[in-house]
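Novice: So I've got this file, model_8.cif, and it contains mmCIF, C-alpha atoms:
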data_start
#
loop_
_atom_site.label_atom_id
_atom_site.label_comp_id
_atom_site.auth_asym_id
_atom_site.auth_seq_id
_atom_site.Cartn_x
_atom_site.Cartn_y
_atom_site.Cartn_z
CA MET E 12 -0.88 0.55 -62.04
CA THR E 13 -3.32 -1.51 -64.13
CA ARG E 14 -0.66 -2.05 -66.82
CA LEU E 15 1.82 -3.26 -64.21
CA ILE E 16 -0.70 -5.83 -62.94
CA ILE E 17 -1.39 -7.05 -66.50
CA VAL E 18 2.33 -7.39 -67.24
CA ILE E 19 2.97 -9.27 -63.99
CA GLY E 20 -0.03 -11.50 -64.72
CA LEU E 21 1.36 -12.34 -68.17
CA PHE E 22 4.73 -13.32 -66.70
CA LEU E 23 2.97 -15.60 -64.25
CA LEU E 24 1.20 -17.35 -67.15
CA VAL E 25 4.36 -18.01 -69.19
CA PRO E 26 5.01 -21.52 -67.73
CA TYR E 27 1.48 -22.54 -68.75
CA LEU E 28 1.54 -21.28 -72.33
CA PRO E 29 2.12 -23.88 -75.07
CA VAL E 30 5.36 -22.25 -76.23
CA GLY E 31 7.71 -24.82 -77.72
CA ARG E 32 5.08 -27.53 -77.67
CA ALA E 33 4.28 -28.80 -81.13
CA SER E 34 1.29 -30.84 -82.09
CA VAL E 35 2.03 -34.43 -83.02
CA TYR E 36 2.67 -34.75 -86.74
CA ALA E 37 3.76 -37.82 -88.61
CA ALA E 38 5.44 -37.09 -91.90
CA VAL E 39 4.94 -39.73 -94.55
CA LEU E 40 7.45 -39.33 -97.35
CA ILE E 41 8.50 -41.11 -100.51
CA ASN E 42 11.56 -42.98 -99.30
CA GLU E 43 12.64 -44.69 -102.49
CA ILE E 44 11.43 -45.53 -105.96
CA CYS E 45 12.64 -48.30 -108.23
CA PRO E 46 11.88 -47.34 -111.84
CA LYS E 47 13.58 -50.41 -113.24
CA GLU E 48 12.87 -54.05 -112.55
CA CYS E 49 14.52 -54.31 -109.11
CA GLY E 50 15.06 -56.99 -106.53
CA ALA E 51 14.24 -60.66 -106.50
CA GLU E 52 10.68 -59.97 -107.69
CA LYS E 53 11.99 -58.10 -110.75
CA THR E 54 9.36 -55.40 -110.46
CA GLN E 55 9.08 -51.64 -110.06
CA TRP E 56 8.00 -50.24 -106.71
CA ILE E 57 7.43 -47.12 -104.64
CA GLU E 58 8.35 -47.14 -100.93
CA LEU E 59 6.91 -44.75 -98.36
CA TYR E 60 8.38 -44.04 -94.92
CA ASN E 61 6.66 -42.63 -91.82
CA ASN E 62 9.26 -40.65 -89.86
CA GLY E 63 6.74 -39.78 -87.14
CA ASN E 64 6.02 -41.46 -83.82
CA ASN E 65 2.41 -42.40 -84.58
CA LEU E 66 0.51 -44.75 -86.86
CA VAL E 67 -0.82 -42.95 -89.94
CA SER E 68 -3.83 -43.94 -92.02
CA LEU E 69 -3.11 -43.71 -95.73
CA ALA E 70 -6.80 -44.03 -96.60
CA GLU E 71 -7.53 -42.18 -99.84
CA TRP E 72 -3.94 -40.97 -100.23
CA LYS E 73 -2.69 -41.09 -103.82
CA LEU E 74 0.47 -41.99 -105.69
CA GLU E 75 0.93 -40.53 -109.16
CA ASN E 76 3.70 -40.65 -111.72
CA VAL E 77 4.35 -37.70 -114.00
CA GLY E 78 6.40 -39.08 -116.90
CA GLY E 79 5.58 -41.67 -119.51
CA ASP E 80 2.14 -43.24 -119.11
CA LYS E 81 0.71 -41.08 -116.30
CA LYS E 82 -1.29 -43.08 -113.73
CA THR E 83 -2.83 -42.28 -110.36
CA TYR E 84 -3.27 -44.94 -107.67
CA THR E 85 -5.59 -44.37 -104.72
CA ILE E 86 -4.35 -46.20 -101.61
CA PRO E 87 -7.05 -48.47 -100.10
CA PRO E 88 -8.87 -47.25 -96.94
CA GLU E 89 -7.49 -49.98 -94.67
CA THR E 90 -3.85 -49.12 -95.39
CA THR E 91 -1.78 -47.78 -92.50
CA ILE E 92 1.90 -47.15 -91.92
CA GLY E 93 3.37 -47.55 -88.45
CA ALA E 94 5.67 -45.19 -86.63
CA HIS E 95 9.08 -45.27 -88.33
CA GLY E 96 7.62 -47.88 -90.67
CA PHE E 97 7.63 -48.53 -94.38
CA ALA E 98 4.93 -49.32 -96.94
CA THR E 99 5.82 -50.58 -100.41
CA PHE E 100 3.58 -50.53 -103.45
CA ASP E 101 4.62 -52.47 -106.55
CA ARG E 102 3.62 -52.06 -110.19
CA ALA E 103 1.23 -55.03 -110.08
CA GLN E 104 -0.68 -53.29 -107.26
CA THR E 105 -0.65 -49.70 -108.53
CA ALA E 106 -0.54 -50.20 -112.33
CA ILE E 107 2.01 -47.37 -112.34
CA ASN E 108 4.68 -48.09 -114.92
CA LEU E 109 7.62 -45.90 -113.92
CA TYR E 110 9.55 -44.39 -116.78
CA SER E 111 13.21 -45.12 -116.00
CA GLU E 112 14.46 -42.07 -117.88
CA GLY E 113 13.37 -39.35 -115.47
CA ASP E 114 9.91 -40.14 -114.11
CA THR E 115 8.69 -38.35 -110.97
CA VAL E 116 6.35 -39.81 -108.35
CA LYS E 117 4.07 -37.56 -106.30
CA LEU E 118 2.38 -38.43 -103.01
CA PHE E 119 -0.94 -36.73 -102.19
CA ASP E 120 -2.75 -36.83 -98.84
CA ALA E 121 -6.49 -37.48 -98.50
CA GLY E 122 -7.15 -33.75 -98.99
CA ASN E 123 -5.31 -33.93 -102.33
CA ALA E 124 -2.37 -31.80 -101.13
CA VAL E 125 1.07 -32.79 -102.41
CA VAL E 126 2.96 -34.26 -99.45
CA ASP E 127 6.15 -35.25 -101.28
CA SER E 128 7.58 -35.88 -104.72
CA GLN E 129 10.65 -37.72 -105.90
CA GLY E 130 12.16 -38.26 -109.29
#
What does the file become when written as structure tokens?
Specialist:
Amino acid sequence: MTRLIIVIGLFLLVPYLPVGRASVYAAVLINEICPKECGAEKTQWIELYNNGNNLVSLAEWKLENVGGDKKTYTIPPETTIGAHGFATFDRAQTAINLYSEGDTVKLFDAGNAVVDSQG
């Protein structure tokens, strides 16, 4: 009898359990890199995209290239990226000189975990 009451009680709780409800997560990804001198500015750049629905602080996130002259750039604390927004970092800002023959860029979060990489 006790088991039956517990089972019925669990079924009554089902509508209140957080099944199917995900916590809000904004994924910031490397959208595009330009390893050659691109665009009107004739410079290299790395573009990030936030595919989430919330503003994300990029404070202490890092960009790093793997090939050629390896450099790491720490994104300033005041930098944010809006929901479905873009942030672009050029060579003059990051000092990252992308090697056009197969360089890879990595994006690290503030905890130093690799969030994305693109080459």
Novice: Show which residues sit within 10 Å of Tyr110 of chain E, as a list in words. Count all atoms listed in the file, and ignore same-chain residues fewer than 6 positions away.
Specialist: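 Those residues are Cys45, Pro46, Lys47, Gln55, Asn76, Val77, Gly78, Gly79, Asp80 and Lys81 of chain E.
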Novice: Between atom CA of Gly96 of chain E and atom CA of Ala70 of chain E, what is the distance, to one decimal in Å?
Specialist: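 Atom CA of Ala70 of chain E lies at a distance of 16.1 Å from atom CA of Gly96 of chain E.
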Novice: Take atom CA of Ile92 of chain E and atom CA of Cys49 of chain E and report the distance between them in Å, one decimal.
Specialist: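 Atom-to-atom, atom CA of Ile92 of chain E to atom CA of Cys49 of chain E, that is 22.5 Å.
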Novice: Hey, can you check how far atom CA of Asp114 of chain E sits from atom CA of Lys73 of chain E?
Specialist: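 These atoms are spaced 16.3 Å apart.
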Novice: Quick check on the file I pasted: which residues fall under the PyMOL selection byres ((chain E and resi 97-100) around 6)? Write them as a ChimeraX atom specification.
Specialist: /E:56-60,96,101
Novice: Here's the selection I'm unsure about, the PyMOL selection byres ((chain E and resi 119) around 12); applied to the file above, which residues does it give, as a ChimeraX atom specification?
Specialist: /E:39-41,59,69-76,83-86,116-118,120-128
Novice: Please evaluate the PyMOL selection byres ((chain E and resi 67) around 8) against the structure above and give the resulting residues as a ChimeraX atom specification.
Specialist: /E:37,61,65-66,68-69,91-94
Novice: Rank E:Thr90, E:Asn62, E:Gly113, E:Asn108 by their smallest atom-to-atom distance to Asn42 of chain E, using only C-alpha atoms, and report the top residue only.
Specialist: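 For Asn42 of chain E, the nearest of the candidates is E:Asn62.
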